[in-house]
$ cat start24.pdb   # PDB, C-alpha atoms, pLDDT in the B column
ATOM      1  CA  MET U   1      96.529  99.780 104.848  1.00 61.00           C
ATOM      2  CA  GLU U   2      97.055  96.637 106.886  1.00 76.00           C
ATOM      3  CA  ARG U   3     100.641  95.411 107.175  1.00 85.00           C
ATOM      4  CA  GLN U   4     101.375  92.203 105.297  1.00 88.00           C
ATOM      5  CA  PRO U   5     103.743  89.360 106.142  1.00 91.00           C
ATOM      6  CA  ILE U   6     106.760  88.757 103.920  1.00 92.00           C
ATOM      7  CA  SER U   7     109.605  86.236 104.064  1.00 89.00           C
ATOM      8  CA  ARG U   8     113.217  87.347 104.479  1.00 90.00           C
ATOM      9  CA  GLU U   9     113.854  86.163 100.893  1.00 89.00           C
ATOM     10  CA  GLY U  10     110.936  88.209  99.548  1.00 89.00           C
ATOM     11  CA  TYR U  11     112.057  91.277 101.495  1.00 92.00           C
ATOM     12  CA  ASP U  12     115.616  90.951 100.182  1.00 93.00           C
ATOM     13  CA  LYS U  13     114.319  90.505  96.611  1.00 91.00           C
ATOM     14  CA  LEU U  14     112.302  93.740  96.808  1.00 93.00           C
ATOM     15  CA  ARG U  15     115.240  95.629  98.391  1.00 95.00           C
ATOM     16  CA  GLU U  16     117.528  94.422  95.582  1.00 96.00           C
ATOM     17  CA  GLU U  17     115.026  95.521  92.917  1.00 95.00           C
ATOM     18  CA  ILE U  18     114.892  99.001  94.502  1.00 97.00           C
ATOM     19  CA  ARG U  19     118.710  99.134  94.682  1.00 97.00           C
ATOM     20  CA  HIS U  20     119.000  98.119  91.010  1.00 97.00           C
ATOM     21  CA  LEU U  21     116.514 100.773  89.891  1.00 97.00           C
ATOM     22  CA  GLU U  22     118.117 103.532  92.004  1.00 97.00           C
ATOM     23  CA  ASP U  23     121.792 102.668  91.472  1.00 97.00           C
ATOM     24  CA  ASP U  24     121.801 101.226  87.929  1.00 97.00           C
ATOM     25  CA  GLU U  25     118.758 102.339  85.941  1.00 96.00           C
ATOM     26  CA  MET U  26     118.265 105.934  87.149  1.00 97.00           C
ATOM     27  CA  PRO U  27     121.895 106.984  86.426  1.00 97.00           C
ATOM     28  CA  LYS U  28     121.589 105.516  82.888  1.00 96.00           C
ATOM     29  CA  ILE U  29     118.386 107.465  82.287  1.00 95.00           C
ATOM     30  CA  SER U  30     119.923 110.660  83.709  1.00 94.00           C
ATOM     31  CA  GLN U  31     122.879 110.271  81.351  1.00 95.00           C
ATOM     32  CA  ALA U  32     120.541 109.688  78.379  1.00 92.00           C
ATOM     33  CA  ILE U  33     118.629 112.862  79.321  1.00 92.00           C
ATOM     34  CA  ALA U  34     121.897 114.832  79.494  1.00 92.00           C
ATOM     35  CA  ASP U  35     122.971 113.444  76.102  1.00 89.00           C
ATOM     36  CA  ALA U  36     119.610 114.325  74.551  1.00 86.00           C
ATOM     37  CA  ARG U  37     119.674 117.802  76.124  1.00 86.00           C
ATOM     38  CA  ALA U  38     123.079 118.406  74.531  1.00 87.00           C
ATOM     39  CA  GLU U  39     121.533 117.918  71.085  1.00 82.00           C
ATOM     40  CA  GLY U  40     119.852 121.310  71.333  1.00 77.00           C
ATOM     41  CA  ASP U  41     116.202 122.356  70.986  1.00 77.00           C
ATOM     42  CA  LEU U  42     114.198 120.400  73.589  1.00 76.00           C
ATOM     43  CA  ARG U  43     110.766 121.233  72.151  1.00 77.00           C
ATOM     44  CA  GLU U  44     111.176 118.863  69.223  1.00 80.00           C
ATOM     45  CA  ASN U  45     113.609 116.423  70.799  1.00 84.00           C
ATOM     46  CA  ALA U  46     111.738 113.088  70.975  1.00 87.00           C
ATOM     47  CA  GLU U  47     114.639 111.291  72.674  1.00 87.00           C
ATOM     48  CA  TYR U  48     114.715 113.857  75.478  1.00 89.00           C
ATOM     49  CA  HIS U  49     110.969 113.542  76.089  1.00 89.00           C
ATOM     50  CA  ALA U  50     111.112 109.739  75.956  1.00 91.00           C
ATOM     51  CA  GLN U  51     113.908 109.643  78.541  1.00 92.00           C
ATOM     52  CA  ARG U  52     112.070 112.098  80.821  1.00 93.00           C
ATOM     53  CA  GLU U  53     109.031 109.816  80.642  1.00 95.00           C
ATOM     54  CA  ALA U  54     111.191 106.749  81.397  1.00 95.00           C
ATOM     55  CA  GLN U  55     112.657 108.620  84.375  1.00 96.00           C
ATOM     56  CA  GLY U  56     109.180 109.372  85.730  1.00 96.00           C
ATOM     57  CA  MET U  57     108.027 105.784  85.262  1.00 97.00           C
ATOM     58  CA  THR U  58     111.141 104.386  86.940  1.00 97.00           C
ATOM     59  CA  GLN U  59     110.751 106.764  89.895  1.00 97.00           C
ATOM     60  CA  ALA U  60     107.091 105.728  90.198  1.00 97.00           C
ATOM     61  CA  LYS U  61     108.168 102.049  90.266  1.00 96.00           C
ATOM     62  CA  ILE U  62     110.751 102.806  92.979  1.00 96.00           C
ATOM     63  CA  ASN U  63     108.105 104.641  95.040  1.00 96.00           C
ATOM     64  CA  GLN U  64     105.651 101.762  94.591  1.00 94.00           C
ATOM     65  CA  LEU U  65     108.224  99.184  95.755  1.00 94.00           C
ATOM     66  CA  LYS U  66     109.218 101.314  98.769  1.00 95.00           C
ATOM     67  CA  THR U  67     105.559 101.676  99.755  1.00 92.00           C
ATOM     68  CA  LYS U  68     105.075  97.925  99.398  1.00 89.00           C
ATOM     69  CA  LEU U  69     108.097  97.280 101.656  1.00 91.00           C
ATOM     70  CA  SER U  70     106.969  99.812 104.241  1.00 92.00           C
ATOM     71  CA  ASN U  71     103.659  97.950 104.542  1.00 90.00           C
ATOM     72  CA  CYS U  72     105.359  94.603 105.232  1.00 91.00           C
ATOM     73  CA  TYR U  73     106.846  92.865 108.219  1.00 91.00           C
ATOM     74  CA  ILE U  74     109.316  89.985 108.037  1.00 92.00           C
ATOM     75  CA  VAL U  75     108.054  86.646 109.317  1.00 89.00           C
ATOM     76  CA  ASP U  76     110.258  83.750 110.395  1.00 86.00           C
ATOM     77  CA  LYS U  77     108.309  80.793 109.015  1.00 80.00           C
ATOM     78  CA  SER U  78     109.836  78.434 111.599  1.00 81.00           C
ATOM     79  CA  THR U  79     107.958  80.264 114.384  1.00 83.00           C
ATOM     80  CA  LEU U  80     104.529  79.794 112.800  1.00 83.00           C
ATOM     81  CA  PRO U  81     102.101  77.181 114.146  1.00 84.00           C
ATOM     82  CA  LYS U  82     102.046  73.767 112.474  1.00 85.00           C
ATOM     83  CA  GLY U  83      98.886  71.991 111.343  1.00 88.00           C
ATOM     84  CA  VAL U  84      96.986  75.145 110.392  1.00 92.00           C
ATOM     85  CA  VAL U  85      97.098  77.307 107.286  1.00 93.00           C
ATOM     86  CA  THR U  86      99.235  80.432 107.855  1.00 92.00           C
ATOM     87  CA  PHE U  87     101.535  82.711 105.892  1.00 92.00           C
ATOM     88  CA  GLY U  88     104.108  80.535 104.124  1.00 90.00           C
ATOM     89  CA  SER U  89     101.939  77.418 104.192  1.00 91.00           C
ATOM     90  CA  ARG U  90     101.919  75.123 101.192  1.00 93.00           C
ATOM     91  CA  VAL U  91      98.389  73.775 101.030  1.00 94.00           C
ATOM     92  CA  THR U  92      96.992  70.921  98.949  1.00 94.00           C
ATOM     93  CA  VAL U  93      93.253  71.090  98.351  1.00 95.00           C
ATOM     94  CA  LYS U  94      90.642  69.044  96.553  1.00 95.00           C
ATOM     95  CA  ASP U  95      88.188  71.041  94.473  1.00 93.00           C
ATOM     96  CA  LEU U  96      84.803  69.704  95.602  1.00 93.00           C
ATOM     97  CA  SER U  97      83.162  70.591  92.277  1.00 91.00           C
ATOM     98  CA  ASP U  98      85.353  68.398  90.058  1.00 94.00           C
ATOM     99  CA  GLY U  99      87.735  66.520  92.391  1.00 91.00           C
ATOM    100  CA  ALA U 100      90.811  68.266  90.975  1.00 92.00           C
ATOM    101  CA  ILE U 101      93.825  68.499  93.275  1.00 93.00           C
ATOM    102  CA  GLU U 102      95.474  71.922  93.498  1.00 92.00           C
ATOM    103  CA  GLN U 103      98.419  73.288  95.468  1.00 93.00           C
ATOM    104  CA  TYR U 104      98.912  76.804  96.761  1.00 94.00           C
ATOM    105  CA  GLU U 105     101.618  78.519  98.745  1.00 93.00           C
ATOM    106  CA  PHE U 106     100.629  81.670 100.606  1.00 92.00           C
ATOM    107  CA  VAL U 107     103.249  84.389 100.200  1.00 92.00           C
ATOM    108  CA  GLY U 108     103.848  88.095 100.736  1.00 89.00           C
ATOM    109  CA  PRO U 109     104.084  90.977  98.258  1.00 87.00           C
ATOM    110  CA  GLY U 110     106.598  90.494  95.476  1.00 83.00           C
ATOM    111  CA  GLU U 111     106.737  86.728  95.984  1.00 87.00           C
ATOM    112  CA  GLU U 112     103.606  85.796  94.054  1.00 87.00           C
ATOM    113  CA  ASP U 113     103.991  83.474  91.050  1.00 88.00           C
ATOM    114  CA  TYR U 114     101.017  82.045  89.199  1.00 86.00           C
ATOM    115  CA  SER U 115     102.995  79.717  86.953  1.00 85.00           C
ATOM    116  CA  GLY U 116     104.166  76.253  87.868  1.00 80.00           C
ATOM    117  CA  ASP U 117     102.548  73.374  89.720  1.00 84.00           C
ATOM    118  CA  VAL U 118     102.292  75.240  93.023  1.00 87.00           C
ATOM    119  CA  MET U 119     100.716  78.671  92.643  1.00 91.00           C
ATOM    120  CA  LYS U 120     102.221  81.216  95.013  1.00 93.00           C
ATOM    121  CA  ILE U 121      99.408  83.591  95.905  1.00 92.00           C
ATOM    122  CA  LEU U 122      99.220  86.584  98.207  1.00 91.00           C
ATOM    123  CA  THR U 123      97.993  86.058 101.747  1.00 90.00           C
ATOM    124  CA  THR U 124      95.586  88.939 101.105  1.00 88.00           C
ATOM    125  CA  SER U 125      93.868  87.151  98.191  1.00 90.00           C
ATOM    126  CA  PRO U 126      90.298  85.927  98.786  1.00 91.00           C
ATOM    127  CA  LEU U 127      91.407  82.279  98.482  1.00 91.00           C
ATOM    128  CA  ALA U 128      94.210  82.641 101.043  1.00 92.00           C
ATOM    129  CA  THR U 129      92.033  84.684 103.390  1.00 92.00           C
ATOM    130  CA  GLY U 130      89.353  81.993 103.242  1.00 93.00           C
ATOM    131  CA  MET U 131      91.821  79.247 104.150  1.00 94.00           C
ATOM    132  CA  MET U 132      93.762  80.995 106.928  1.00 93.00           C
ATOM    133  CA  ASN U 133      93.749  79.132 110.257  1.00 93.00           C
ATOM    134  CA  LYS U 134      91.980  76.091 108.745  1.00 95.00           C
ATOM    135  CA  LYS U 135      93.131  72.519 109.366  1.00 95.00           C
ATOM    136  CA  ILE U 136      93.438  69.334 107.319  1.00 95.00           C
ATOM    137  CA  GLY U 137      89.963  67.998 106.562  1.00 95.00           C
ATOM    138  CA  ASP U 138      88.290  71.422 106.831  1.00 96.00           C
ATOM    139  CA  ARG U 139      86.037  72.456 103.989  1.00 96.00           C
ATOM    140  CA  VAL U 140      86.296  76.003 102.736  1.00 95.00           C
ATOM    141  CA  GLU U 141      83.949  78.106 100.647  1.00 94.00           C
ATOM    142  CA  VAL U 142      85.457  81.159  98.988  1.00 91.00           C
ATOM    143  CA  VAL U 143      83.334  83.691  97.139  1.00 90.00           C
ATOM    144  CA  VAL U 144      85.140  85.000  94.061  1.00 85.00           C
ATOM    145  CA  PRO U 145      83.870  87.096  91.148  1.00 87.00           C
ATOM    146  CA  ARG U 146      83.053  84.007  89.063  1.00 87.00           C
ATOM    147  CA  GLY U 147      81.113  82.255  91.844  1.00 89.00           C
ATOM    148  CA  THR U 148      81.837  80.223  94.953  1.00 92.00           C
ATOM    149  CA  LEU U 149      84.826  77.899  95.145  1.00 92.00           C
ATOM    150  CA  ARG U 150      84.518  74.874  97.428  1.00 95.00           C
ATOM    151  CA  TYR U 151      87.632  73.077  98.631  1.00 95.00           C
ATOM    152  CA  GLU U 152      88.658  70.467 101.159  1.00 95.00           C
ATOM    153  CA  ILE U 153      92.129  70.892 102.644  1.00 95.00           C
ATOM    154  CA  THR U 154      93.970  67.576 102.227  1.00 95.00           C
ATOM    155  CA  SER U 155      97.444  68.563 103.438  1.00 93.00           C
ATOM    156  CA  ILE U 156      99.413  71.470 104.833  1.00 92.00           C
ATOM    157  CA  ASP U 157     103.172  71.725 104.168  1.00 84.00           C
ATOM    158  CA  GLY U 158     103.225  68.067 103.086  1.00 48.00           C
ATOM    159  CA  GLU U 159     101.930  66.713 106.405  1.00 42.00           C
TER     160      GLU U 159
END
$ encode --input "start24.pdb" --output "structure tokens"
Amino acid sequence: MERQPISREGYDKLREEIRHLEDDEMPKISQAIADARAEGDLRENAEYHAQREAQGMTQAKINQLKTKLSNCYIVDKSTLPKGVVTFGSRVTVKDLSDGAIEQYEFVGPGEEDYSGDVMKILTTSPLATGMMNKKIGDRVEVVVPRGTLRYEITSIDGE
């Protein structure tokens, strides 16, 4: 798997989520398992089985987050080139099919957010990949499952 860029803030957010799961949630689940085990017969103890399942799901989430972090490298946005679309860029585009203006910010794993006026999308998404290293005024065609999107880049980071 190719390593992905991530901001210091995104990295810290993922580390904190892992810490919370390991230090707060797992001990609670372990205690709930111990309490359920103390009730006796485990074969018919629904609470015990539910907590064991929660433990497995939480451990899987921790493993997933650790894998995500291990495939990332921290990028200092201030060192990135100006005037071209890169990781961390906030890009305004005009949809050439209907003239709609849209804004995207290209982010790393764990930082994506599809709500709000500026959609934060992964740098590995087809749209971000299609716009990387483009300049203001460039036209971009991105093939997506529902067809081909055509955009003109009108600004980068508010330039």
$ atom_distance --input "start24.pdb" --atom1 "CA of Thr124 in chain U" --atom2 "CA of Ser97 in chain U"
23.9 Å
$ closest_residue --input "start24.pdb" --among "U:Glu9, U:Asp24, U:Glu152, U:Glu53" --to "Val91 in chain U" --atoms "all atoms listed in the file"
U:Glu152
$ atom_distance --input "start24.pdb" --atom1 "CA of Lys66 in chain U" --atom2 "CA of Gly10 in chain U"
13.2 Å
$ atom_distance --input "start24.pdb" --atom1 "CA of Leu127 in chain U" --atom2 "CA of Val143 in chain U"
8.3 Å
$ closest_residue --input "start24.pdb" --among "U:Asp95, U:Glu141, U:Cys72, U:His20" --to "Val107 in chain U" --atoms "all atoms listed in the file"
U:Cys72
$ residues_around --input "start24.pdb" --residues "Arg3 in chain U" --least-positions-apart "3" --cutoff "10 Å" --atoms "all atoms listed in the file" --output "number ranges by chain"
U: 6, 68-73
$ residues_around --input "start24.pdb" --residues "Thr58 in chain U" --least-positions-apart "4" --cutoff "9 Å" --atoms "all atoms listed in the file" --output "PDB file with C-alpha atoms, keeping the file's coordinate frame"
ATOM      1  CA  LEU U  21     116.514 100.773  89.891  1.00 97.00           C
ATOM      2  CA  GLU U  22     118.117 103.532  92.004  1.00 97.00           C
ATOM      3  CA  GLU U  25     118.758 102.339  85.941  1.00 96.00           C
ATOM      4  CA  MET U  26     118.265 105.934  87.149  1.00 97.00           C
ATOM      5  CA  GLU U  53     109.031 109.816  80.642  1.00 95.00           C
ATOM      6  CA  ALA U  54     111.191 106.749  81.397  1.00 95.00           C
ATOM      7  CA  ILE U  62     110.751 102.806  92.979  1.00 96.00           C
ATOM      8  CA  ASN U  63     108.105 104.641  95.040  1.00 96.00           C
TER       9      ASN U  63
END
$ closest_residue --input "start24.pdb" --among "U:Gly110, U:Pro81, U:Gln55, U:Ala46" --to "Glu16 in chain U" --atoms "only C-alpha atoms"
U:Gly110
$ residues_around --input "start24.pdb" --residues "Glu105 in chain U" --least-positions-apart "3" --cutoff "12 Å" --atoms "all atoms listed in the file" --output "PyMOL selection string"
chain U and resi 85-93+102+108+111-123+125+127-128+131-132+155-158
$ resolve_selection --input "start24.pdb" --expression "the PyMOL selection byres ((chain U and resi 52) around 12)" --output "list in words"
Met26, Lys28, Ile29, Ser30, Gln31, Ala32, Ile33, Ala34, Asp35, Ala36, Arg37, Leu42, Asn45, Ala46, Glu47, Tyr48, His49, Ala50, Gln51, Glu53, Ala54, Gln55, Gly56, Met57, Thr58 and Gln59 of chain U
$ residues_around --input "start24.pdb" --residues "Leu65 in chain U" --least-positions-apart "6" --cutoff "9 Å" --atoms "all atoms listed in the file" --output "CSV table (one decimal) with C-alpha atoms, keeping the file's coordinate frame"
chain,number,residue,atom,x,y,z
U,14,LEU,CA,112.3,93.7,96.8
U,15,ARG,CA,115.2,95.6,98.4
U,17,GLU,CA,115.0,95.5,92.9
U,18,ILE,CA,114.9,99.0,94.5
U,110,GLY,CA,106.6,90.5,95.5
$ closest_residue --input "start24.pdb" --among "U:Gly130, U:Pro27, U:Gly99, U:Pro109" --to "Ile74 in chain U" --atoms "only C-alpha atoms"
U:Pro109
$ decode --input "start24.pdb" --residues "range 14-37 of chain U" --atoms "C-alpha atoms" --output "compact mmCIF listing (two decimals), in the first residue's frame"
# COMPACT_ATOMS: atom_id res chain seq x y z
CA LEU U 14 -5.89 9.38 15.07
CA ARG U 15 -3.35 8.83 17.89
CA GLU U 16 -5.84 10.23 20.42
CA GLU U 17 -8.62 7.96 19.11
CA ILE U 18 -6.31 4.93 19.51
CA ARG U 19 -5.34 6.06 23.03
CA HIS U 20 -9.01 6.50 23.99
CA LEU U 21 -9.95 3.04 22.71
CA GLU U 22 -6.96 1.33 24.39
CA ASP U 23 -6.93 3.23 27.70
CA ASP U 24 -10.64 4.00 28.25
CA GLU U 25 -12.88 1.65 26.26
CA MET U 26 -10.98 -1.66 26.46
CA PRO U 27 -10.68 -1.59 30.30
CA LYS U 28 -14.45 -0.90 30.55
CA ILE U 29 -15.21 -3.85 28.28
CA SER U 30 -12.79 -6.10 30.20
CA GLN U 31 -14.53 -5.17 33.45
CA ALA U 32 -17.96 -5.87 31.91
CA ILE U 33 -16.70 -9.29 30.76
CA ALA U 34 -15.41 -10.05 34.27
CA ASP U 35 -18.75 -8.96 35.78
CA ALA U 36 -20.69 -11.12 33.32
CA ARG U 37 -18.36 -14.08 33.92
